[in-house]
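The structure under discussion appears below in the form of structure tokens.
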Amino acid sequence: MAIESDSSESRAPADIVRTLRSGVGQVTDEVVKEIQTRIPEYARPSDGLYLKAVTRAVEQAVTGFVDRVEHPDTPWNPEPFRLIGKGEAAEGRDLEPLQAAMRLGARVGWRRLTELAGPLGLSPQSLYDLGEAIFVHLDQLADAAAEGYQQARAHAAGEIGRRRDRLLDLILTHPPAAPAAVADLARAAGWRLPRTVACVALDDPNGARRAPALPPDVLAGLARPVPCLLVPDPAGPGRSQSLEYSLRGRRAAIGPAVALAAAATSLRWAWEALELSRRGVLPGGLLRCEEHLATLVVFKDEELVSALAEVRLAPLAHLRPAQQDRLAETLLAWLRHGRGAGEVAARLHVHPQTVRYRLRQLEELYGDQLTDPDIRFELEIALRARQAVLSDR
């Protein structure tokens, strides 16, 4: 940096550097005092070690500026300020207090330069050059600190993510892991132990779908053999709506709410519901196991379901396959969605008169059986099983 003076006897840059270097201690003290007075995050007068750390950082910044004025072509080492940025992340602060401190330091440095301009005989251009050098130096310090800050945050997030993955594995072990082990790992992962949980099984083969946006306390196991979520306190305020929003457009099943130690059971039920949804036994979209418990219980023994279907669908057995399909579809829609021909017709996308004709056929085939609630329940199970078999083909 070429710096000239207004005096007839031009001062050499070495003299200017020497003057600047002699004032490093004074500027450092002034900057530290300003920082502690005006930025609450750094006001720890009783903490001697912390004050030393702040003073050392300021001194590094001021000395670094003078070094760069003296040797502008020397490569600059940003590592000390990367470490400062990492320290801010470790303290749990954002970067605004540090950036404010740097701006304060720059103002103090500029004020000191203007005070020295007369005694040093600096020309306006030289003063401008030094002022510009201060703010270039400030930008580079800020960039280095921001880089260190982001590195530390990314590392911390990665470590927390790994701990949360291990925590989910531990929670879902069967038989359940020791509560003390779960509590210790939860503490390390920054996860509050809930009273109840519900597991969500996701239909996401090979991780083909983008990860859903989830509340921060939901543990996600998207890379597990059974992609899943663990939702704490599923009955909490707004939790249901939040989950529905996060999983909109996906096929998924939410297991029943259980104690944390029974999380694996909730996941098993959710997975079984998802499998039945894939087969057409249960509807698609977002399923709640609590709304389909009877179906889940019945389909635990599919041989028994097959035997039930053989008995309850016997009146259709003598019909042609196409007739069986039409009447079975109509009967299932009637059982599921009400006895009105109009509603059934809307579900099947056929004319209401067609539905009335089919219902008369079914009344002839089944007679009084259709008025018996137990038989209607068994018929629905049998017809859902039939639908699942057809879907599997």
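By convention here, the chains of the structure tokens are called A, B, ... in the order presented, each chain's residues are numbered starting at 1, and ligands are numbered starting at 1 in the order presented.
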>> Could you list, as number ranges by chain, every residue within 10 Å of segment 319-332 of chain A, counting only C-alpha atoms and ignoring same-chain residues fewer than 3 positions away?
In response: A: 313, 315-316, 335-339, 341, 344-345, 347-348, 354-356, 358-359, 361-362, 370, 376, 379-384, 386-387, 390
> What's the 12 Å shell around Ile160 of chain A, counting only C-alpha atoms, without same-chain residues fewer than 3 positions away, as a list of chain:residue names?
Replying inline: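 Using only C-alpha atoms, the neighbours found are A:Arg153, A:Ala154, A:His155, A:Ala156, A:Ala157, A:Arg163, A:Arg164, A:Asp165, A:Arg166, A:Leu167, A:Leu185, A:Ala186, A:Arg187, A:Ala188, A:Ala189, A:Gly190, A:Trp191, A:Pro216, A:Leu219.
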>> I'd like the neighbourhood of Pro176 of chain A as a list of chain:residue names, where a residue qualifies if any of its atoms comes within 9 Å (using only C-alpha atoms), though same-chain residues fewer than 3 positions away should be ignored.
In response: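 The residues satisfying every condition are A:Leu170, A:Ile171, A:Leu172, A:Thr173, A:Pro179, A:Ala261, A:Ala262, A:Ala263, A:Ala264.
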> What does the distance from atom CA of Gly85 of chain A to atom CA of Tyr149 of chain A come to in Å, to one decimal?
Replying inline: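 Here the two named atoms are 4.3 Å from each other.
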> What's the 10 Å shell around Ala235 of chain A, counting only C-alpha atoms, without same-chain residues fewer than 5 positions away, as an MDAnalysis selection string?
Replying inline: chainID A and resid 196:198 240 257
>> Residues of segment 58-272 of chain A classed as strand (DSSP E or B) by DSSP on the backbone are to be reported as a PyMOL selection string.
In response: chain A and resi 122+196-202+219-221+228-232+252-254+258-259
Please produce a file of the residues just selected, as a PDB file, in the first residue's frame, where the atoms kept are N, CA, C and O atoms.
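Just written: result_14.pdb:
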ATOM      1  N   LEU A 122      -0.810  12.499   6.860  1.00  0.00           N
ATOM      2  CA  LEU A 122      -1.427  11.684   5.811  1.00  0.00           C
ATOM      3  C   LEU A 122      -2.246  12.538   4.869  1.00  0.00           C
ATOM      4  O   LEU A 122      -3.007  13.418   5.292  1.00  0.00           O
ATOM      5  N   THR A 196     -45.946 -40.687  25.462  1.00  0.00           N
ATOM      6  CA  THR A 196     -46.413 -41.666  24.472  1.00  0.00           C
ATOM      7  C   THR A 196     -45.795 -41.355  23.120  1.00  0.00           C
ATOM      8  O   THR A 196     -45.346 -40.234  22.865  1.00  0.00           O
ATOM      9  N   VAL A 197     -45.792 -42.368  22.253  1.00  0.00           N
ATOM     10  CA  VAL A 197     -45.296 -42.199  20.886  1.00  0.00           C
ATOM     11  C   VAL A 197     -46.212 -42.965  19.938  1.00  0.00           C
ATOM     12  O   VAL A 197     -46.956 -43.852  20.354  1.00  0.00           O
ATOM     13  N   ALA A 198     -46.124 -42.613  18.674  1.00  0.00           N
ATOM     14  CA  ALA A 198     -46.768 -43.399  17.614  1.00  0.00           C
ATOM     15  C   ALA A 198     -45.775 -43.507  16.473  1.00  0.00           C
ATOM     16  O   ALA A 198     -45.083 -42.537  16.149  1.00  0.00           O
ATOM     17  N   CYS A 199     -45.685 -44.680  15.883  1.00  0.00           N
ATOM     18  CA  CYS A 199     -44.792 -44.870  14.739  1.00  0.00           C
ATOM     19  C   CYS A 199     -45.575 -44.764  13.444  1.00  0.00           C
ATOM     20  O   CYS A 199     -46.739 -45.179  13.370  1.00  0.00           O
ATOM     21  N   VAL A 200     -44.930 -44.218  12.436  1.00  0.00           N
ATOM     22  CA  VAL A 200     -45.522 -44.084  11.112  1.00  0.00           C
ATOM     23  C   VAL A 200     -44.703 -44.927  10.144  1.00  0.00           C
ATOM     24  O   VAL A 200     -43.488 -44.743  10.037  1.00  0.00           O
ATOM     25  N   ALA A 201     -45.362 -45.864   9.449  1.00  0.00           N
ATOM     26  CA  ALA A 201     -44.700 -46.637   8.401  1.00  0.00           C
ATOM     27  C   ALA A 201     -44.927 -45.924   7.076  1.00  0.00           C
ATOM     28  O   ALA A 201     -46.065 -45.541   6.758  1.00  0.00           O
ATOM     29  N   LEU A 202     -43.856 -45.718   6.309  1.00  0.00           N
ATOM     30  CA  LEU A 202     -43.932 -44.975   5.056  1.00  0.00           C
ATOM     31  C   LEU A 202     -43.764 -45.905   3.875  1.00  0.00           C
ATOM     32  O   LEU A 202     -42.893 -46.782   3.881  1.00  0.00           O
ATOM     33  N   LEU A 219     -38.473 -38.245  15.188  1.00  0.00           N
ATOM     34  CA  LEU A 219     -37.304 -39.032  14.780  1.00  0.00           C
ATOM     35  C   LEU A 219     -37.615 -39.727  13.464  1.00  0.00           C
ATOM     36  O   LEU A 219     -38.636 -40.402  13.335  1.00  0.00           O
ATOM     37  N   ALA A 220     -36.738 -39.564  12.491  1.00  0.00           N
ATOM     38  CA  ALA A 220     -36.967 -40.121  11.161  1.00  0.00           C
ATOM     39  C   ALA A 220     -35.980 -41.238  10.877  1.00  0.00           C
ATOM     40  O   ALA A 220     -34.770 -41.070  11.042  1.00  0.00           O
ATOM     41  N   GLY A 221     -36.510 -42.378  10.444  1.00  0.00           N
ATOM     42  CA  GLY A 221     -35.672 -43.505  10.038  1.00  0.00           C
ATOM     43  C   GLY A 221     -35.959 -43.839   8.587  1.00  0.00           C
ATOM     44  O   GLY A 221     -36.468 -44.914   8.269  1.00  0.00           O
ATOM     45  N   CYS A 228     -39.598 -45.228   8.407  1.00  0.00           N
ATOM     46  CA  CYS A 228     -40.574 -44.912   9.448  1.00  0.00           C
ATOM     47  C   CYS A 228     -40.260 -43.587  10.117  1.00  0.00           C
ATOM     48  O   CYS A 228     -39.179 -43.014   9.941  1.00  0.00           O
ATOM     49  N   LEU A 229     -41.233 -43.128  10.873  1.00  0.00           N
ATOM     50  CA  LEU A 229     -41.097 -41.958  11.728  1.00  0.00           C
ATOM     51  C   LEU A 229     -41.533 -42.357  13.130  1.00  0.00           C
ATOM     52  O   LEU A 229     -42.405 -43.222  13.287  1.00  0.00           O
ATOM     53  N   LEU A 230     -40.958 -41.711  14.127  1.00  0.00           N
ATOM     54  CA  LEU A 230     -41.416 -41.884  15.494  1.00  0.00           C
ATOM     55  C   LEU A 230     -41.896 -40.523  15.976  1.00  0.00           C
ATOM     56  O   LEU A 230     -41.106 -39.574  16.056  1.00  0.00           O
ATOM     57  N   VAL A 231     -43.186 -40.435  16.256  1.00  0.00           N
ATOM     58  CA  VAL A 231     -43.827 -39.160  16.600  1.00  0.00           C
ATOM     59  C   VAL A 231     -44.068 -39.105  18.104  1.00  0.00           C
ATOM     60  O   VAL A 231     -44.831 -39.918  18.636  1.00  0.00           O
ATOM     61  N   PRO A 232     -43.427 -38.172  18.817  1.00  0.00           N
ATOM     62  CA  PRO A 232     -43.671 -38.063  20.263  1.00  0.00           C
ATOM     63  C   PRO A 232     -45.003 -37.375  20.550  1.00  0.00           C
ATOM     64  O   PRO A 232     -45.422 -36.485  19.806  1.00  0.00           O
ATOM     65  N   ALA A 252     -49.064 -43.826   3.763  1.00  0.00           N
ATOM     66  CA  ALA A 252     -48.411 -44.041   5.054  1.00  0.00           C
ATOM     67  C   ALA A 252     -49.460 -44.535   6.043  1.00  0.00           C
ATOM     68  O   ALA A 252     -50.657 -44.377   5.831  1.00  0.00           O
ATOM     69  N   ALA A 253     -48.987 -45.153   7.123  1.00  0.00           N
ATOM     70  CA  ALA A 253     -49.887 -45.647   8.162  1.00  0.00           C
ATOM     71  C   ALA A 253     -49.348 -45.236   9.524  1.00  0.00           C
ATOM     72  O   ALA A 253     -48.158 -45.419   9.803  1.00  0.00           O
ATOM     73  N   ILE A 254     -50.226 -44.677  10.346  1.00  0.00           N
ATOM     74  CA  ILE A 254     -49.852 -44.242  11.688  1.00  0.00           C
ATOM     75  C   ILE A 254     -50.293 -45.309  12.680  1.00  0.00           C
ATOM     76  O   ILE A 254     -51.483 -45.639  12.774  1.00  0.00           O
ATOM     77  N   VAL A 258     -48.673 -45.454  21.957  1.00  0.00           N
ATOM     78  CA  VAL A 258     -48.251 -46.417  22.972  1.00  0.00           C
ATOM     79  C   VAL A 258     -47.194 -45.768  23.858  1.00  0.00           C
ATOM     80  O   VAL A 258     -46.675 -44.690  23.555  1.00  0.00           O
ATOM     81  N   ALA A 259     -46.861 -46.442  24.943  1.00  0.00           N
ATOM     82  CA  ALA A 259     -45.729 -46.002  25.759  1.00  0.00           C
ATOM     83  C   ALA A 259     -44.439 -46.144  24.955  1.00  0.00           C
ATOM     84  O   ALA A 259     -44.357 -46.955  24.025  1.00  0.00           O
TER      85      ALA A 259
END
> In terms of the shortest atom-to-atom distance over only C-alpha atoms, which of A:Leu222, A:Ile16, A:Leu214, A:Leu247 is closest to Gly118 of chain A?
Replying inline: A:Ile16
> Arg248 of chain A: which residues within 8 Å, counting only C-alpha atoms, same-chain residues fewer than 4 positions away excluded, as a list of chain:residue names?
Replying inline: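 Contacts, in chain order: A:Glu244, A:Gly285, A:Leu286.
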> Near Gly87 of chain A, within 9 Å and counting only C-alpha atoms, which residues show up once chain neighbours fewer than 5 positions away are dropped, as a PyMOL selection string?
Replying inline: chain A and resi 82+92+148-149+152
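Close contacts of Ala57 of chain A, defined as residues with an atom at most 8 Å away when counting only C-alpha atoms, with chain neighbours fewer than 4 positions off set aside, comprise Ala53, Ala61 and Ile84 of chain A.
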> If you run DSSP on this backbone, which residues of segment 70-253 of chain A come out as alpha helix (DSSP H), and could you give them as a ChimeraX atom specification?
Replying inline: /A:70,79-91,96-120,124-171,179-188,239-246
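Picture a line from atom CA of Leu267 of chain A to atom CA of Leu304 of chain A; it runs 24.1 Å.
Proximity to Ile134 of chain A was assessed for A:Gln99, A:Val66, A:Leu168, A:Pro78 counting only C-alpha atoms; the smallest distance is recorded for A:Val66.
Atom CA of Leu296 of chain A lies 9.3 Å from atom CA of Leu282 of chain A.
Comparing the minimum interatomic distances between Thr19 of chain A and each of A:His174, A:Arg210, A:Arg195, A:Arg112, counting only C-alpha atoms, we find that A:Arg112 sits nearest.
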